[in-house]
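Shown next: model-v5.cif, containing mmCIF, C-alpha atoms.
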data_coords
loop_
_atom_site.group_PDB
_atom_site.id
_atom_site.type_symbol
_atom_site.label_atom_id
_atom_site.label_comp_id
_atom_site.auth_asym_id
_atom_site.auth_seq_id
_atom_site.Cartn_x
_atom_site.Cartn_y
_atom_site.Cartn_z
ATOM 1 C CA MET A 300 -29.356 -4.812 -18.550
ATOM 2 C CA GLU A 301 -30.681 -8.337 -18.035
ATOM 3 C CA LEU A 302 -27.942 -9.643 -20.330
ATOM 4 C CA GLY A 303 -25.326 -7.880 -18.236
ATOM 5 C CA GLN A 304 -26.695 -9.397 -15.032
ATOM 6 C CA GLN A 305 -26.698 -12.834 -16.641
ATOM 7 C CA ILE A 306 -23.037 -12.429 -17.595
ATOM 8 C CA LEU A 307 -22.168 -11.414 -14.029
ATOM 9 C CA ALA A 308 -24.100 -14.415 -12.708
ATOM 10 C CA ASP A 309 -22.173 -16.732 -15.036
ATOM 11 C CA PHE A 310 -18.872 -15.362 -13.757
ATOM 12 C CA GLU A 311 -20.012 -15.620 -10.143
ATOM 13 C CA GLU A 312 -20.850 -19.272 -10.712
ATOM 14 C CA ALA A 313 -17.519 -19.968 -12.402
ATOM 15 C CA PHE A 314 -15.452 -17.889 -9.960
ATOM 16 C CA PRO A 315 -17.369 -17.753 -6.659
ATOM 17 C CA SER A 316 -16.294 -14.984 -4.308
ATOM 18 C CA GLN A 317 -17.501 -16.945 -1.282
ATOM 19 C CA GLY A 318 -17.822 -20.549 -0.291
ATOM 20 C CA THR A 319 -15.561 -23.546 -0.701
ATOM 21 C CA LYS A 320 -16.298 -24.265 -4.337
ATOM 22 C CA ARG A 321 -13.128 -24.273 -6.392
ATOM 23 C CA PRO A 322 -13.068 -21.743 -9.229
ATOM 24 C CA GLY A 323 -13.816 -23.154 -12.615
ATOM 25 C CA GLY A 324 -11.586 -22.977 -15.628
ATOM 26 C CA PRO A 325 -11.955 -20.902 -18.756
ATOM 27 C CA SER A 326 -14.706 -21.739 -21.181
ATOM 28 C CA ASN A 327 -15.897 -20.612 -24.577
ATOM 29 C CA VAL A 328 -19.084 -19.354 -22.942
ATOM 30 C CA LEU A 329 -17.175 -17.032 -20.614
ATOM 31 C CA ARG A 330 -14.901 -15.892 -23.412
ATOM 32 C CA ASP A 331 -17.909 -14.978 -25.529
ATOM 33 C CA ALA A 332 -19.491 -13.318 -22.493
ATOM 34 C CA CYS A 333 -16.443 -11.051 -22.197
ATOM 35 C CA LEU A 334 -16.791 -10.033 -25.832
ATOM 36 C CA VAL A 335 -20.438 -9.173 -25.214
ATOM 37 C CA ALA A 336 -19.525 -7.259 -22.038
ATOM 38 C CA ASN A 337 -17.170 -5.168 -24.152
ATOM 39 C CA ILE A 338 -20.123 -3.547 -25.918
ATOM 40 C CA LEU A 339 -22.420 -3.289 -22.896
ATOM 41 C CA ASP A 340 -22.348 -0.779 -20.057
ATOM 42 C CA PRO A 341 -18.664 -0.318 -19.011
ATOM 43 C CA LYS A 342 -19.749 -1.041 -15.436
ATOM 44 C CA ILE A 343 -20.360 -4.675 -16.409
ATOM 45 C CA LYS A 344 -16.804 -5.040 -17.664
ATOM 46 C CA GLN A 345 -15.417 -3.327 -14.558
ATOM 47 C CA GLU A 346 -17.448 -5.588 -12.283
ATOM 48 C CA ILE A 347 -16.162 -8.703 -14.069
ATOM 49 C CA ILE A 348 -12.575 -7.474 -13.740
ATOM 50 C CA LYS A 349 -13.041 -6.580 -10.083
ATOM 51 C CA LYS A 350 -14.616 -9.924 -9.152
ATOM 52 C CA PHE A 351 -12.046 -11.994 -11.021
ATOM 53 C CA ILE A 352 -9.030 -10.186 -9.571
ATOM 54 C CA LYS A 353 -10.459 -10.311 -6.053
ATOM 55 C CA GLN A 354 -10.964 -14.051 -6.376
ATOM 56 C CA HIS A 355 -7.516 -14.502 -7.914
ATOM 57 C CA LEU A 356 -5.814 -12.729 -4.985
ATOM 58 C CA SER A 357 -7.907 -14.277 -2.206
ATOM 59 C CA GLU A 358 -5.288 -16.966 -1.541
ATOM 60 C CA TYR A 359 -2.617 -14.284 -1.124
ATOM 61 C CA LEU A 360 -4.524 -12.563 1.669
ATOM 62 C CA VAL A 361 -4.807 -15.863 3.529
ATOM 63 C CA LEU A 362 -1.201 -16.981 3.065
ATOM 64 C CA PHE A 363 0.275 -13.621 4.065
ATOM 65 C CA GLN A 364 -2.011 -12.639 6.912
ATOM 66 C CA GLU A 365 -0.456 -10.313 9.459
ATOM 67 C CA ASN A 366 -0.062 -13.122 12.005
ATOM 68 C CA GLN A 367 1.794 -15.417 9.595
ATOM 69 C CA ASP A 368 5.571 -15.791 9.785
ATOM 70 C CA VAL A 369 5.944 -15.191 6.032
ATOM 71 C CA ALA A 370 4.232 -11.810 6.333
ATOM 72 C CA TRP A 371 7.238 -10.097 7.931
ATOM 73 C CA LEU A 372 9.852 -8.076 6.045
ATOM 74 C CA ASP A 373 12.603 -10.695 6.215
ATOM 75 C CA LYS A 374 10.508 -12.940 3.955
ATOM 76 C CA ILE A 375 9.259 -10.236 1.610
ATOM 77 C CA ASP A 376 10.740 -12.111 -1.362
ATOM 78 C CA ARG A 377 8.055 -14.751 -0.947
ATOM 79 C CA ARG A 378 5.324 -12.218 -1.678
ATOM 80 C CA TYR A 379 6.860 -11.305 -5.007
ATOM 81 C CA ALA A 380 7.654 -14.920 -5.867
ATOM 82 C CA TRP A 381 4.004 -15.793 -5.186
ATOM 83 C CA VAL A 382 2.590 -13.180 -7.549
ATOM 84 C CA LYS A 383 5.073 -14.063 -10.286
ATOM 85 C CA ARG A 384 3.825 -17.656 -10.134
ATOM 86 C CA GLN A 385 0.244 -16.410 -10.195
ATOM 87 C CA LEU A 386 0.866 -14.331 -13.306
ATOM 88 C CA VAL A 387 2.311 -17.349 -15.103
ATOM 89 C CA ASP A 388 -0.626 -19.455 -13.898
ATOM 90 C CA TYR A 389 -3.098 -16.856 -15.135
ATOM 91 C CA GLU A 390 -1.503 -16.672 -18.580
ATOM 92 C CA GLU A 391 -1.606 -20.447 -18.931
ATOM 93 C CA LYS A 392 -5.182 -20.921 -17.712
ATOM 94 C CA TYR A 393 -7.070 -17.732 -18.501
ATOM 95 C CA GLY A 394 -4.910 -15.766 -20.919
ATOM 96 C CA ARG A 395 -7.261 -16.372 -23.850
ATOM 97 C CA MET A 396 -10.498 -15.962 -21.934
ATOM 98 C CA PHE A 397 -10.345 -12.196 -21.518
ATOM 99 C CA PRO A 398 -9.896 -9.752 -24.409
ATOM 100 C CA ARG A 399 -6.304 -8.619 -24.761
ATOM 101 C CA GLU A 400 -7.284 -4.957 -24.436
ATOM 102 C CA TRP A 401 -8.459 -5.627 -20.870
ATOM 103 C CA TYR A 402 -4.804 -6.053 -19.822
ATOM 104 C CA MET A 403 -5.797 -8.512 -17.129
ATOM 105 C CA THR A 404 -2.272 -9.679 -16.307
ATOM 106 C CA GLU A 405 -1.174 -6.137 -15.569
ATOM 107 C CA ARG A 406 -4.346 -5.452 -13.599
ATOM 108 C CA ILE A 407 -3.699 -8.461 -11.375
ATOM 109 C CA ALA A 408 -0.137 -7.262 -10.764
ATOM 110 C CA VAL A 409 -1.245 -3.703 -10.007
ATOM 111 C CA GLU A 410 -3.968 -4.774 -7.583
ATOM 112 C CA PHE A 411 -1.460 -7.084 -5.902
ATOM 113 C CA CYS A 412 0.773 -4.036 -5.425
ATOM 114 C CA HIS A 413 -2.011 -1.956 -3.868
ATOM 115 C CA VAL A 414 -2.931 -4.799 -1.510
ATOM 116 C CA THR A 415 0.708 -5.455 -0.619
ATOM 117 C CA ARG A 416 1.398 -1.797 0.068
ATOM 118 C CA ALA A 417 -1.563 -1.625 2.458
ATOM 119 C CA GLU A 418 -0.682 -4.918 4.164
ATOM 120 C CA LEU A 419 2.983 -3.993 4.628
ATOM 121 C CA ALA A 420 2.036 -0.574 6.001
ATOM 122 C CA LYS A 421 -0.293 -2.226 8.512
ATOM 123 C CA ILE A 422 2.198 -4.821 9.739
ATOM 124 C CA MET A 423 5.030 -2.268 9.972
ATOM 125 C CA ARG A 424 2.873 0.019 12.102
ATOM 126 C CA ALA A 425 2.134 -2.879 14.434
ATOM 127 C CA ARG A 426 5.762 -4.037 14.667
ATOM 128 C CA ALA A 427 7.628 -0.755 14.224
ATOM 129 C CA LYS A 428 10.002 -1.490 17.117
ATOM 130 C CA GLU A 429 11.261 -4.612 15.331
ATOM 131 C CA ILE A 430 12.384 -2.745 12.209
ATOM 132 C CA GLU A 431 16.174 -2.513 12.025
ATOM 133 C CA VAL A 432 18.047 -0.605 9.364
ATOM 134 C CA LYS A 433 19.463 -3.687 7.600
ATOM 135 C CA LEU A 434 16.043 -5.304 7.486
ATOM 136 C CA LEU A 435 14.438 -2.098 6.205
ATOM 137 C CA LEU A 436 17.014 -1.598 3.445
ATOM 138 C CA PHE A 437 16.710 -5.264 2.470
ATOM 139 C CA ALA A 438 12.934 -4.961 2.124
ATOM 140 C CA ILE A 439 13.210 -1.716 0.155
ATOM 141 C CA GLN A 440 15.781 -3.186 -2.221
ATOM 142 C CA ARG A 441 13.711 -6.288 -2.919
ATOM 143 C CA THR A 442 10.613 -4.161 -3.420
ATOM 144 C CA THR A 443 12.233 -1.702 -5.818
ATOM 145 C CA ASN A 444 13.663 -4.667 -7.732
ATOM 146 C CA PHE A 445 10.118 -5.991 -8.071
ATOM 147 C CA GLU A 446 8.880 -2.592 -9.252
ATOM 148 C CA GLY A 447 11.645 -2.686 -11.855
ATOM 149 C CA PHE A 448 10.461 -6.128 -12.933
ATOM 150 C CA LEU A 449 6.941 -4.753 -13.413
ATOM 151 C CA ALA A 450 8.273 -1.884 -15.524
ATOM 152 C CA LYS A 451 10.013 -4.350 -17.841
ATOM 153 C CA ARG A 452 6.958 -6.576 -18.097
ATOM 154 C CA PHE A 453 4.108 -4.049 -18.324
ATOM 155 C CA SER A 454 3.430 -0.631 -19.814
ATOM 156 C CA GLY A 455 1.535 0.781 -16.832
ATOM 157 C CA CYS A 456 -1.452 1.651 -19.029
ATOM 158 C CA THR A 457 -3.962 0.478 -16.387
ATOM 159 C CA LEU A 458 -2.614 2.834 -13.741
ATOM 160 C CA THR A 459 -4.483 5.851 -15.110
ATOM 161 C CA ASP A 460 -7.616 4.448 -16.732
ATOM 162 C CA GLY A 461 -9.885 5.179 -13.796
ATOM 163 C CA THR A 462 -10.618 1.581 -12.829
ATOM 164 C CA LEU A 463 -7.622 1.435 -10.539
ATOM 165 C CA LYS A 464 -5.994 4.047 -8.357
ATOM 166 C CA LYS A 465 -3.888 6.525 -10.241
ATOM 167 C CA LEU A 466 -0.272 6.300 -9.213
ATOM 168 C CA GLU A 467 1.766 9.429 -8.773
ATOM 169 C CA SER A 468 4.616 9.583 -11.239
ATOM 170 C CA PRO A 469 8.042 9.867 -9.641
ATOM 171 C CA PRO A 470 9.157 13.451 -9.125
ATOM 172 C CA PRO A 471 12.003 14.808 -11.240
ATOM 173 C CA SER A 472 15.301 13.640 -9.814
ATOM 174 C CA THR A 473 17.244 16.152 -7.765
ATOM 175 C CA ASN A 474 20.103 13.742 -7.188
ATOM 176 C CA PRO A 475 23.276 15.627 -8.185
ATOM 177 C CA PHE A 476 25.231 12.396 -8.427
ATOM 178 C CA LEU A 477 23.220 10.602 -11.113
ATOM 179 C CA GLU A 478 25.395 10.145 -14.158
ATOM 180 C CA ASP A 479 24.059 11.509 -17.395
ATOM 181 C CA GLU A 480 23.628 8.995 -20.187
ATOM 182 C CA SER A 481 23.632 11.329 -23.167
ATOM 183 C CA ALA A 482 23.657 9.825 -26.594
ATOM 184 C CA PRO A 483 27.046 9.949 -28.379
ATOM 185 C CA GLU A 484 25.678 12.198 -31.122
ATOM 186 C CA MET A 485 24.533 14.715 -28.513
ATOM 187 C CA GLU A 486 28.003 14.708 -26.971
ATOM 188 C CA GLU A 487 29.549 15.353 -30.394
ATOM 189 C CA LEU A 488 27.165 18.259 -30.886
ATOM 190 C CA ALA A 489 28.181 19.635 -27.499
ATOM 191 C CA ILE A 490 31.839 19.423 -28.486
ATOM 192 C CA GLU A 491 31.148 21.370 -31.682
ATOM 193 C CA LYS A 492 29.311 24.058 -29.738
ATOM 194 C CA GLY A 493 31.872 24.140 -26.955
ATOM 195 C CA GLU A 494 29.290 23.230 -24.325
ATOM 196 C CA LEU A 495 31.111 20.388 -22.599
ATOM 197 C CA ASP A 496 31.592 22.479 -19.481
ATOM 198 C CA GLN A 497 27.855 23.020 -19.110
ATOM 199 C CA PRO A 498 26.254 21.045 -16.262
ATOM 200 C CA LYS A 499 24.318 18.012 -17.429
ATOM 201 C CA LYS A 500 20.847 17.147 -16.233
ATOM 202 C CA PRO A 501 20.540 13.731 -14.608
ATOM 203 C CA LYS A 502 18.546 11.146 -16.485
ATOM 204 C CA VAL A 503 15.370 10.319 -14.597
ATOM 205 C CA PRO A 504 14.446 6.626 -14.496
ATOM 206 C CA ASP A 505 11.213 6.033 -16.398
ATOM 207 C CA ASN A 506 9.266 3.572 -14.272
ATOM 208 C CA PRO A 507 5.494 4.035 -14.001
ATOM 209 C CA PHE A 508 5.482 1.545 -11.121
ATOM 210 C CA HIS A 509 7.973 3.545 -9.061
ATOM 211 C CA GLY A 510 6.727 3.673 -5.472
ATOM 212 C CA ILE A 511 3.609 1.593 -6.085
ATOM 213 C CA VAL A 512 4.660 -0.637 -3.168
ATOM 214 C CA SER A 513 7.841 0.948 -1.807
ATOM 215 C CA LYS A 514 6.041 4.155 -0.809
ATOM 216 C CA CYS A 515 4.893 2.320 2.325
ATOM 217 C CA PHE A 516 8.453 2.317 3.691
ATOM 218 C CA GLU A 517 8.810 6.114 3.815
ATOM 219 C CA PRO A 518 7.256 6.579 7.285
ATOM 220 C CA HIS A 519 9.912 4.213 8.653
ATOM 221 C CA LEU A 520 12.974 5.780 7.049
ATOM 222 C CA TYR A 521 13.705 7.495 10.363
ATOM 223 C CA VAL A 522 15.362 4.158 11.217
ATOM 224 C CA TYR A 523 17.814 4.779 8.380
ATOM 225 C CA ILE A 524 18.403 8.391 9.464
ATOM 226 C CA GLU A 525 19.067 7.323 13.063
ATOM 227 C CA SER A 526 21.520 4.730 11.781
ATOM 228 C CA GLN A 527 23.419 7.359 9.789
ATOM 229 C CA ASP A 528 23.466 9.608 12.856
ATOM 230 C CA LYS A 529 25.130 6.832 14.840
ATOM 231 C CA ASN A 530 27.550 5.946 12.026
ATOM 232 C CA LEU A 531 28.668 9.553 11.593
ATOM 233 C CA GLY A 532 29.189 9.931 15.331
ATOM 234 C CA GLU A 533 31.476 6.894 15.299
ATOM 235 C CA LEU A 534 33.249 8.209 12.197
ATOM 236 C CA ILE A 535 34.021 11.556 13.849
ATOM 237 C CA ASP A 536 35.321 9.759 16.957
ATOM 238 C CA ARG A 537 37.624 7.686 14.748
ATOM 239 C CA PHE A 538 38.867 10.821 12.988
ATOM 240 C CA VAL A 539 39.680 12.382 16.367
ATOM 241 C CA ALA A 540 41.519 9.257 17.538
ATOM 242 C CA ASP A 541 43.499 9.040 14.278
ATOM 243 C CA PHE A 542 44.446 12.706 14.498
ATOM 244 C CA LYS A 543 45.717 12.297 18.050
ATOM 245 C CA ALA A 544 47.693 9.193 17.106
ATOM 246 C CA GLN A 545 49.199 10.479 13.855
ATOM 247 C CA GLY A 546 49.341 14.202 14.474
ATOM 248 C CA PRO A 547 48.679 16.894 11.885
ATOM 249 C CA PRO A 548 49.693 16.144 8.275
ATOM 250 C CA LYS A 549 52.889 17.656 6.965
ATOM 251 C CA PRO A 550 52.411 20.679 4.700
ATOM 252 C CA ASN A 551 52.712 19.998 0.989
ATOM 253 C CA THR A 552 54.724 22.838 -0.484
ATOM 254 C CA ASP A 553 53.548 22.049 -4.025
ATOM 255 C CA GLU A 554 49.886 22.405 -3.118
ATOM 256 C CA GLY A 555 50.366 25.232 -0.691
ATOM 257 C CA GLY A 556 49.175 23.593 2.527
ATOM 258 C CA ALA A 557 48.265 20.480 4.465
ATOM 259 C CA VAL A 558 45.087 18.539 3.712
ATOM 260 C CA LEU A 559 43.452 16.395 6.358
ATOM 261 C CA PRO A 560 42.678 12.934 4.913
ATOM 262 C CA SER A 561 39.667 12.709 7.215
ATOM 263 C CA CYS A 562 38.122 15.729 5.504
ATOM 264 C CA ALA A 563 37.979 13.928 2.168
ATOM 265 C CA ASP A 564 36.730 10.762 3.882
ATOM 266 C CA LEU A 565 33.899 12.684 5.527
ATOM 267 C CA PHE A 566 32.644 14.181 2.274
ATOM 268 C CA VAL A 567 32.926 10.869 0.433
ATOM 269 C CA TYR A 568 30.720 9.365 3.142
ATOM 270 C CA TYR A 569 28.288 12.282 2.806
ATOM 271 C CA LYS A 570 28.068 11.705 -0.932
ATOM 272 C CA LYS A 571 27.340 7.994 -0.495
ATOM 273 C CA CYS A 572 24.645 8.799 2.064
ATOM 274 C CA MET A 573 22.993 11.328 -0.241
ATOM 275 C CA VAL A 574 22.967 8.933 -3.176
ATOM 276 C CA GLN A 575 21.501 6.148 -1.055
ATOM 277 C CA CYS A 576 18.904 8.374 0.595
ATOM 278 C CA SER A 577 17.823 9.891 -2.731
ATOM 279 C CA GLN A 578 17.085 6.380 -3.962
ATOM 280 C CA LEU A 579 14.871 5.815 -0.924
ATOM 281 C CA SER A 580 13.187 9.214 -0.714
ATOM 282 C CA THR A 581 13.694 12.834 -1.714
ATOM 283 C CA GLY A 582 11.191 14.133 0.829
ATOM 284 C CA GLU A 583 11.328 14.531 4.600
ATOM 285 C CA PRO A 584 14.008 11.848 5.140
ATOM 286 C CA MET A 585 16.399 13.756 2.862
ATOM 287 C CA ILE A 586 15.768 16.963 4.814
ATOM 288 C CA ALA A 587 16.410 15.089 8.063
ATOM 289 C CA LEU A 588 19.660 13.743 6.621
ATOM 290 C CA THR A 589 20.890 17.243 5.759
ATOM 291 C CA THR A 590 20.272 18.238 9.378
ATOM 292 C CA ILE A 591 22.476 15.327 10.465
ATOM 293 C CA PHE A 592 25.142 16.485 8.007
ATOM 294 C CA GLN A 593 25.097 19.976 9.514
ATOM 295 C CA LYS A 594 25.452 18.538 13.001
ATOM 296 C CA TYR A 595 28.569 16.549 12.158
ATOM 297 C CA LEU A 596 30.169 19.289 10.082
ATOM 298 C CA ARG A 597 30.009 21.442 13.205
ATOM 299 C CA GLU A 598 31.440 18.599 15.294
ATOM 300 C CA TYR A 599 34.235 18.058 12.783
ATOM 301 C CA ALA A 600 35.064 21.756 12.792
ATOM 302 C CA TRP A 601 35.059 21.912 16.582
ATOM 303 C CA LYS A 602 36.783 18.647 17.494
ATOM 304 C CA ILE A 603 39.368 18.439 14.713
ATOM 305 C CA LEU A 604 39.851 21.803 13.046
ATOM 306 C CA SER A 605 39.358 24.401 15.783
ATOM 307 C CA GLY A 606 40.810 22.198 18.492
ATOM 308 C CA ASN A 607 44.063 21.693 16.631
ATOM 309 C CA LEU A 608 44.818 25.089 15.177
ATOM 310 C CA PRO A 609 48.285 26.454 16.026
ATOM 311 C CA LYS A 610 48.167 28.519 19.205
#
Would it be possible to restate this file's structure as structure tokens?
Amino acid sequence: MELGQQILADFEEAFPSQGTKRPGGPSNVLRDACLVANILDPKIKQEIIKKFIKQHLSEYLVLFQENQDVAWLDKIDRRYAWVKRQLVDYEEKYGRMFPREWYMTERIAVEFCHVTRAELAKIMRARAKEIEVKLLLFAIQRTTNFEGFLAKRFSGCTLTDGTLKKLESPPPSTNPFLEDESAPEMEELAIEKGELDQPKKPKVPDNPFHGIVSKCFEPHLYVYIESQDKNLGELIDRFVADFKAQGPPKPNTDEGGAVLPSCADLFVYYKKCMVQCSQLSTGEPMIALTTIFQKYLREYAWKILSGNLPK
């Protein structure tokens, strides 16, 4: 136990958690200390990891404080650019100090994500009235891009080892518009069995980092829903104006009746909305969106269909 405390003291001296002393660089002593910590009480290893990561991210918390201009959503790219530089810096300076099986680079990235998610949630609660739909979608896109970057770079093995919060895996996709990416040999097998007409299951993206930061945007997706409500209202008004200006379409004898172009336009818009919303959330916001769809289907039926039936 005394050896473990000595190792922790050595790390505290090299990487002080408080004070103005600059952190020291890697050394053979610290590298050997990590190897010793590997065979001691696991709590020693966890404490070393915790202290180092906290010290490594301390600058981030100062630079992106809630009252700083760069903390807001319009500059969210700077957060992700900062951590990417830090990961490169870590690899260059400390990559050989810690045992490879500690996965320190991934741990730094994951803890950054947890901190960022909490910080973004806090600042969005405080400035909720300033969140506009374009700004929200911009922030979500940049964040999901970053989560995709993490998935390409790391395996996600530290997400479930107990030393960091376990992240919920993304739920199975219920998006009916995701294209299936079946392997060619599977398609050939389907042809042989005559199963081409069978519905295909959408391929679910495999990203263990899905939602690790972007989950914080869900409480604010009502901004997106309200925007779609407004857009659909304007779309219906345009359909009504076009119908009055152009009159009913002429019947097509080949197809057996007239088809309103606005009807197809409405459902194309619905499809785009569903695809976009499913990428943001498949929970409450999606349910709210379906309620909006119902509202405007009724309006379409009343203002365009029922109001223009032959008397």
Selection: 8 Å around stretch 446-450 of chain A, all atoms listed in the file, excl. self and same-chain fewer than 5 positions, as an mmCIF file with C-alpha atoms, keeping the file's coordinate frame:
data_model
loop_
_atom_site.group_PDB
_atom_site.id
_atom_site.type_symbol
_atom_site.label_atom_id
_atom_site.label_comp_id
_atom_site.auth_asym_id
_atom_site.auth_seq_id
_atom_site.Cartn_x
_atom_site.Cartn_y
_atom_site.Cartn_z
ATOM 1 C CA ALA A 408 -0.137 -7.262 -10.764
ATOM 2 C CA GLY A 455 1.535 0.781 -16.832
ATOM 3 C CA ASN A 506 9.266 3.572 -14.272
ATOM 4 C CA PRO A 507 5.494 4.035 -14.001
ATOM 5 C CA PHE A 508 5.482 1.545 -11.121
ATOM 6 C CA HIS A 509 7.973 3.545 -9.061
ATOM 7 C CA GLY A 510 6.727 3.673 -5.472
ATOM 8 C CA ILE A 511 3.609 1.593 -6.085
ATOM 9 C CA VAL A 512 4.660 -0.637 -3.168
#
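Considering all atoms listed in the file, the residue among A:Arg416, A:Ser577, A:Thr589, A:Pro398 positioned nearest to A:Lys514 is A:Arg416.
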Residue IDs satisfying the PyMOL selection byres ((chain A and resi 432) around 6), as a PDB file with C-alpha atoms, in the coordinates of the input:
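What ended up in out_7.pdb:
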ATOM      1  CA  GLU A 431      16.174  -2.513  12.025  1.00  0.00           C
ATOM      2  CA  LYS A 433      19.463  -3.687   7.600  1.00  0.00           C
ATOM      3  CA  LEU A 434      16.043  -5.304   7.486  1.00  0.00           C
ATOM      4  CA  LEU A 435      14.438  -2.098   6.205  1.00  0.00           C
ATOM      5  CA  VAL A 522      15.362   4.158  11.217  1.00  0.00           C
ATOM      6  CA  TYR A 523      17.814   4.779   8.380  1.00  0.00           C
TER       7      TYR A 523
END
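Among the candidates A:Phe411, A:Phe310, A:Phe592, A:Phe363, the one nearest to A:Ala336 when counting all atoms listed in the file is A:Phe310.
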Please indicate the distance in Å from atom CA of A:Ser513 to atom CA of A:Thr443, rounded to one decimal place.
6.5 Å
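The coordinates place atom CA of A:Ala420 at 5.5 Å from atom CA of A:Cys515.
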Neighbours of A:Ala438 within 8 Å (all atoms listed in the file; same-chain residues fewer than 3 positions away dropped), as a ChimeraX atom specification?
/A:372-373,375,434-435,441-442
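Distance annotation: of A:Ile439, A:Cys562, A:Val414, A:Leu329, the residue with the minimal separation from A:Gln364 is A:Val414; atom set is only C-alpha atoms.
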Evaluated on this file, the PyMOL selection byres ((chain A and resi 530) around 12) picks out some residues - which ones are they, written as a VMD selection string?
chain A and resid 432 523 to 529 531 to 537 565 568 to 569 572 591 to 592 595
Kindly save the residues from that selection, with C-alpha atoms included, as an mmCIF file, in the frame of the given file.
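Output file again.cif follows:
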data_model
loop_
_atom_site.group_PDB
_atom_site.id
_atom_site.type_symbol
_atom_site.label_atom_id
_atom_site.label_comp_id
_atom_site.auth_asym_id
_atom_site.auth_seq_id
_atom_site.Cartn_x
_atom_site.Cartn_y
_atom_site.Cartn_z
ATOM 1 C CA VAL A 432 18.047 -0.605 9.364
ATOM 2 C CA TYR A 523 17.814 4.779 8.380
ATOM 3 C CA ILE A 524 18.403 8.391 9.464
ATOM 4 C CA GLU A 525 19.067 7.323 13.063
ATOM 5 C CA SER A 526 21.520 4.730 11.781
ATOM 6 C CA GLN A 527 23.419 7.359 9.789
ATOM 7 C CA ASP A 528 23.466 9.608 12.856
ATOM 8 C CA LYS A 529 25.130 6.832 14.840
ATOM 9 C CA LEU A 531 28.668 9.553 11.593
ATOM 10 C CA GLY A 532 29.189 9.931 15.331
ATOM 11 C CA GLU A 533 31.476 6.894 15.299
ATOM 12 C CA LEU A 534 33.249 8.209 12.197
ATOM 13 C CA ILE A 535 34.021 11.556 13.849
ATOM 14 C CA ASP A 536 35.321 9.759 16.957
ATOM 15 C CA ARG A 537 37.624 7.686 14.748
ATOM 16 C CA LEU A 565 33.899 12.684 5.527
ATOM 17 C CA TYR A 568 30.720 9.365 3.142
ATOM 18 C CA TYR A 569 28.288 12.282 2.806
ATOM 19 C CA CYS A 572 24.645 8.799 2.064
ATOM 20 C CA ILE A 591 22.476 15.327 10.465
ATOM 21 C CA PHE A 592 25.142 16.485 8.007
ATOM 22 C CA TYR A 595 28.569 16.549 12.158
#
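The closest residue to A:Glu400, picked from A:Leu520, A:Cys456, A:Val328, A:Leu356 and counting only C-alpha atoms, is A:Cys456.
When the PyMOL selection byres ((chain A and resi 335) around 12) is run on the displayed coordinates, the residues it returns are Met300, Leu302, Gly303, Gln304, Gln305, Ile306, Leu307, Val328, Leu329, Arg330, Asp331, Ala332, Cys333, Leu334, Ala336, Asn337, Ile338, Leu339, Asp340, Pro341, Ile343, Lys344, Ile347, Phe397 and Pro398 of chain A.
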Mind writing the picked residues with C-alpha atoms as a PDB file, in the frame of the given file?
ATOM      1  CA  MET A 300     -29.356  -4.812 -18.550  1.00  0.00           C
ATOM      2  CA  LEU A 302     -27.942  -9.643 -20.330  1.00  0.00           C
ATOM      3  CA  GLY A 303     -25.326  -7.880 -18.236  1.00  0.00           C
ATOM      4  CA  GLN A 304     -26.695  -9.397 -15.032  1.00  0.00           C
ATOM      5  CA  GLN A 305     -26.698 -12.834 -16.641  1.00  0.00           C
ATOM      6  CA  ILE A 306     -23.037 -12.429 -17.595  1.00  0.00           C
ATOM      7  CA  LEU A 307     -22.168 -11.414 -14.029  1.00  0.00           C
ATOM      8  CA  VAL A 328     -19.084 -19.354 -22.942  1.00  0.00           C
ATOM      9  CA  LEU A 329     -17.175 -17.032 -20.614  1.00  0.00           C
ATOM     10  CA  ARG A 330     -14.901 -15.892 -23.412  1.00  0.00           C
ATOM     11  CA  ASP A 331     -17.909 -14.978 -25.529  1.00  0.00           C
ATOM     12  CA  ALA A 332     -19.491 -13.318 -22.493  1.00  0.00           C
ATOM     13  CA  CYS A 333     -16.443 -11.051 -22.197  1.00  0.00           C
ATOM     14  CA  LEU A 334     -16.791 -10.033 -25.832  1.00  0.00           C
ATOM     15  CA  ALA A 336     -19.525  -7.259 -22.038  1.00  0.00           C
ATOM     16  CA  ASN A 337     -17.170  -5.168 -24.152  1.00  0.00           C
ATOM     17  CA  ILE A 338     -20.123  -3.547 -25.918  1.00  0.00           C
ATOM     18  CA  LEU A 339     -22.420  -3.289 -22.896  1.00  0.00           C
ATOM     19  CA  ASP A 340     -22.348  -0.779 -20.057  1.00  0.00           C
ATOM     20  CA  PRO A 341     -18.664  -0.318 -19.011  1.00  0.00           C
ATOM     21  CA  ILE A 343     -20.360  -4.675 -16.409  1.00  0.00           C
ATOM     22  CA  LYS A 344     -16.804  -5.040 -17.664  1.00  0.00           C
ATOM     23  CA  ILE A 347     -16.162  -8.703 -14.069  1.00  0.00           C
ATOM     24  CA  PHE A 397     -10.345 -12.196 -21.518  1.00  0.00           C
ATOM     25  CA  PRO A 398      -9.896  -9.752 -24.409  1.00  0.00           C
TER      26      PRO A 398
END
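Note that atom CA of A:Ile586 and atom CA of A:Leu458 are 29.7 Å apart.
Nearest-residue note for A:Asp388: choosing from A:Lys594, A:Glu405, A:Val567, A:His355, the minimum distance belongs to A:His355, counting all atoms listed in the file.
If only C-alpha atoms are the atoms counted, then among A:Gln367, A:Ser580, A:Gln545, A:Gln345 the closest residue to A:Pro518 is A:Ser580.
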Using only C-alpha atoms, determine which residues lie at most 8 Å from A:Glu365, disregarding the query and same-chain residues fewer than 3 positions distant; provide the list as a PyMOL selection string.
chain A and resi 370-371+418+422
